[in-house]
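The structure under discussion appears below in the form of C-alpha cells.
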There are 2 protein chains.
Amino acid sequence: MLKNDLLLQALKGQPTERTPVWMMRQAGRFLPEYRAIRSRYDFLTMVKTPEIAAEVTIQPVDILGVDAAILFSDILVVPEAMGMPLSMNEETGPSLGKGLSSAGDIEALEVSGIERRLGYVLEAVHLTKQRLEGRVPLIGFSATPWTLMAYMVEGNAKKGFPKAKSLLYGDPGLSRRLLEKLTDAVCTYLEAKVQAGVDAIQLFDTWSETLSKDAFLAFDLPYVYEVIRRLKERLGGRVPIVWFFKGCASSLEEITNVPVDGVSLDWTLDLGWAIPNIPKRLAIQGNLDPCVLLANKGAIQKEAERILAKVNNRPGYVFNLGHGVLPQTPVDNARFLISFVKEATQRHP
Amino acid sequence: MLKNDLLLQALKGQPTERTPVWMMRQAGRFLPEYRAIRSRYDFLTMVKTPEIAAEVTIQPVDILGVDAAILFSDILVVPEAMGMPLSMNEETGPSLGKGLSSAGDIEALEVSGIERRLGYVLEAVHLTKQRLEGRVPLIGFSATPWTLMAYMVEGNAKKGFPKAKSLLYGDPGLSRRLLEKLTDAVCTYLEAKVQAGVDAIQLFDTWSETLSKDAFLAFDLPYVYEVIRRLKERLGGRVPIVWFFKGCASSLEEITNVPVDGVSLDWTLDLGWAIPNIPKRLAIQGNLDPCVLLANKGAIQKEAERILAKVNNRPGYVFNLGHGVLPQTPVDNARFLISFVKEATQRHP
C-alpha cells in the first residue's frame with residue numbers, strides 16, 4: 001500500500017489534497033550524492049547494477065521530497081537488448097555505434113526474449129519497491145518507438161537526426177518495419193516492468209520535436225497509440241500511462257485522441273493556451289522551463305506561480321519541469337521549488 | 001529595375017504567375033562551387049571580403065535558379081561590430097569568446113558607428129546588386145535581438161542557451177538593457193543595408209524556440225516589434241520584412257499582430273493548421289523539412305506537393321525550407337526541388 005499516492009490520484013483525474021510534484025531526470029545528474037557514486041562507477045555499470053540503480057532512484061525522494069520516484073535507467077538499454085552496441089562517451093553522450101543502415105541491420109534486431117536480457121532493470125524495480133516501503137509511487141519508463149528509432153538509425157543524438165529522418169522520407173516501408181519491431185519491444189519491456197512492480201509508466205518522446213505534423217502522424221503517434229492500446233489490453237487500467245512529447249503543438253488535437261492517461265508538456269507549449277484544448281479525461285504534467293532553476297528563488301517562485309495560475313486548480317494536474325533537470329542546477333533551488341509547490345497548492349479544509 | 005520580382009509581389013500579398021522559391025542558407029555550405037572557394041579562404045575572410053561575399057551570394061541564382069539572392073554573411077558580425085571577439089571553429093561552430101557575464105560587459109557594447117564597422121557588408125550589398133543586374137531581388141538579414149542575445153551571453157550555440165536564459169529569468173532588467181541596445185544596433189544595421197540596396201529584409205529568430213510563451217512575449221516579440229516599427233517609420237513601405245522564428249506555436253496570434261509583412265515558418269508548424277490562423281495581410285514563407293532533401297526525388301516531390309496542397313493557391317506565399325539547407329544535401333536534389341516548385345505552380349493562361 002502506498003502512503004503517498006497523490007501522483008496516481010492526479011493521473012486518474014481525481015482532485016488531490018495538494019498538487020503532486022516530481023522532476024524529470026531527478027535521479028542522477030545534478031545531485032552531489034549521485035555524483036559521489038558516479039565517481040566510483042561508470043554510467044552503464046550503475047544502470048546495470050540493481051543495488052546502485054535502486055539507491056540512485058531513491059535519492060531524490062529523500063533529498064528533495066518529491067512525490068514520485070522514477071527508476072534510474074537509460075532509454076537506450078532497449079536497443080542494446082535488441083543487439084546494438086551501447087557505450088557512453090563522457091564528451092559526446094551515449095552511442096549506438098554506427099547506427100542502423102540497412103534492411104539487414106533492422107532484420108537482425110532481436111525482440112524475442114528482450115525481457116530476459118533486461119532482467120537487471122526488473123530486478124532494480126523489485127529492489128527499489130522494497131526499499132521505498134510505499135513512501136511514493138515508482139514510475140517506469142521507455143522511449144517511444146520513434147524516439148528509439150531516431151537514436152538507433154543515427155547512432156547518437158545528432159542534432160535534427162538527419163539520417164533517421166532521411167530514412168523516414170526515403171524508405172517509409174522499412175521505417176515502418178523498424179517501428180513495428182520497436183513497438184513489440186517497448187510493449188514487452190513495459191509489461192514486464194509493470195509485472196515487476198512499477199506503479200505508473202512514462203513514455204519519453206523527446207524527438208517528436210524533429211517531425212513535421214505529417215511525419216508525426218505517420219511515424220510517431222500511431223506507434224505510441226499501439227503501445228498504449230496493447231498495454232491497456234494486457235494490464236487493464238492497473239497503471240496510468242503518461243506521454244511526454246516535445247513540440248507537436250499543431251498535433252494537440254490528434255494527441256488527445258490517444259487513449260493515454262496523461263500528457264507531459266514541454267515548456268514551449270503554453271498551459272494557458274493548451275488547457276482549453278485538452279479534454280478533462282486527460283491528466284496534464286509539466287511544464288516549468290528547466291532553466292528557471294538556474295536563476296534564483298524569486299524567479300523560481302514567480303514562474304511556478306504563473307504555471308499554477310494557468311492550471312487554476314484543474315483536477316488531474318502534476319507539477320513537473322518541461323524537460324529534464326539540468327546537471328548544473330543548484331540543489332537548493334530544486335528543493336525550494338518542490339517545497340514551494342507543495343505549500344502553495346495545499347488545500348486548507 | 002528587377003526582371004524577376006515574384007518574391008516582392010508575393011511578400012506584398014499579390015497573386016503571382018507562379019510561386020517564388022528560394023532556400024534559407026542557399027549561399028554557402030552545400031554547393032561544391034562554394035566549397036571550392038572555402039578551401040582557399042577561412043569563413044570570416046569570405047564574409048568580410050565583398051568580392052567573395054558577392055560571388056557566393058550569386059552562386060545559387062546561377063546554379064539552382066532560385067527567385068531571390070540572400071547576402072552571404074553571418075548573424076554574428078553584429079556582436080563583433082559591437083566589440084565582441086568573433087572566431088569560427090571548424091568543429092564547434094562560431095564563438096564569441098566567454099560571452100557576456102556582467103552589467104559592465106553589456107555597458108561596454110558599442111552601438112554608435114556600427115554601420116561604419118559593418119561597412120564591408122554594405123559594400124558587399126553594392127557589389128552584389130551590380131552583378132545581379134536585376135535578375136532577382138537581394139535579401140538582407142539580421143538576427144533578432146533575442147537570438148543575438150542568446151549567442152552573446154552564452155558565447156556559442158550551447159544547446160538550450162542555459163546561461164542566456166538564466167539571465168532572462170534572474171535579471172530581467174539587465175536583459176532588457178541588452179535587448180534595447182541590440183534593437184538599436186539591428187535597426188541601424190538594417191537601415192544601412194536598405195540604403196545600400198537590399199530589396200527585402202529577413203529577421204532570423206532561430207532561438208525563439210528556446211522560450212516559453214511568457215518569456216517570448218516579454219523578451220523576444222516586443223523587440224522584434226520595435227525593430228519593425230522603426231524600420232517602417234524610417235523607410236516607409238520601401239522593403240518588405242519577413243520574420244523567421246522557430247517553435248512559438250502557442251504565440252501565433254500575438255505574432256500575427258506584429259506589423260511585419262511576412263512570417264517564415266519552420267517545418268514543425270503545420271501549414272494546414274496555421275494558415276486559417278494567419279491573417280490574409282501577412283505573407284507566408286516555408287516550410288519544407290530540410291531533411292526531405294536528403295532522401296530522393298520521389299520523396300521531395302511528394303512532400304512539396306503536400307505543402308502546395310495546404311497553401312491551396314493562397315496569395316502571398318513563398319516556397320522555402322523550414323530552416324537552412326543542410327551541408328550534406330545533394331545539389332541535384334535541391335535543383336530538382338526548385339524546378340519542381342516552379343513547374344507545379346505555373347499558371348497557364
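Identifiers in this document derive from the order of the C-alpha cells: chains are assigned A, B, ..., residues are numbered from 1 separately in each chain, and ligands are numbered from 1 in order of occurrence.
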
| request: Would you give me, as a ChimeraX atom specification, the residues of chain A that come within 9 Å of chain B, using only C-alpha atoms? | output: /A:160-163,165-171,209-214,247-251,266-270,273-274,288-300,303,326

| said: I'd like the neighbourhood of A:Leu308 as a list in words, where a residue qualifies if any of its atoms comes within 9 Å (using only C-alpha atoms), though same-chain residues fewer than 6 positions away should be ignored. | reply: Phe319, Val341, Ala344 and Thr345 of chain A

With C-alpha atoms kept, could you save the residues just selected as a short mmCIF file (atom, residue, chain, number, x, y, z; two decimals), in the first residue's frame?
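Result file follows (selection25.cif):
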data_model
loop_
_atom_site.label_atom_id
_atom_site.label_comp_id
_atom_site.auth_asym_id
_atom_site.auth_seq_id
_atom_site.Cartn_x
_atom_site.Cartn_y
_atom_site.Cartn_z
CA PHE A 319 3.72 19.72 -11.37
CA VAL A 341 4.72 23.82 -4.97
CA ALA A 344 1.30 26.79 -2.45
CA THR A 345 -1.14 24.08 -3.51
#

| Any idea what the distance is between atom CA of A:Tyr225 and atom CA of A:Tyr151? | 20.3 Å

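Residues in contact with A:Asn320 at up to 8 Å, not including ones fewer than 6 positions away on its chain and judged by only C-alpha atoms, are A:Val21, A:Trp22, A:Met23, A:Met24, A:Gln285, A:Gly286, A:Asn287, A:Leu288.
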
| task | Identify all residues of stretch 166-287 of chain A in strand (DSSP E or B) (DSSP on the backbone) and supply them as a PyMOL selection string. | result | chain A and resi 200-205+241-245+262-264+283-287

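Here atom CA of A:Asn277 and atom CA of A:Leu252 stand 7.6 Å from one another.
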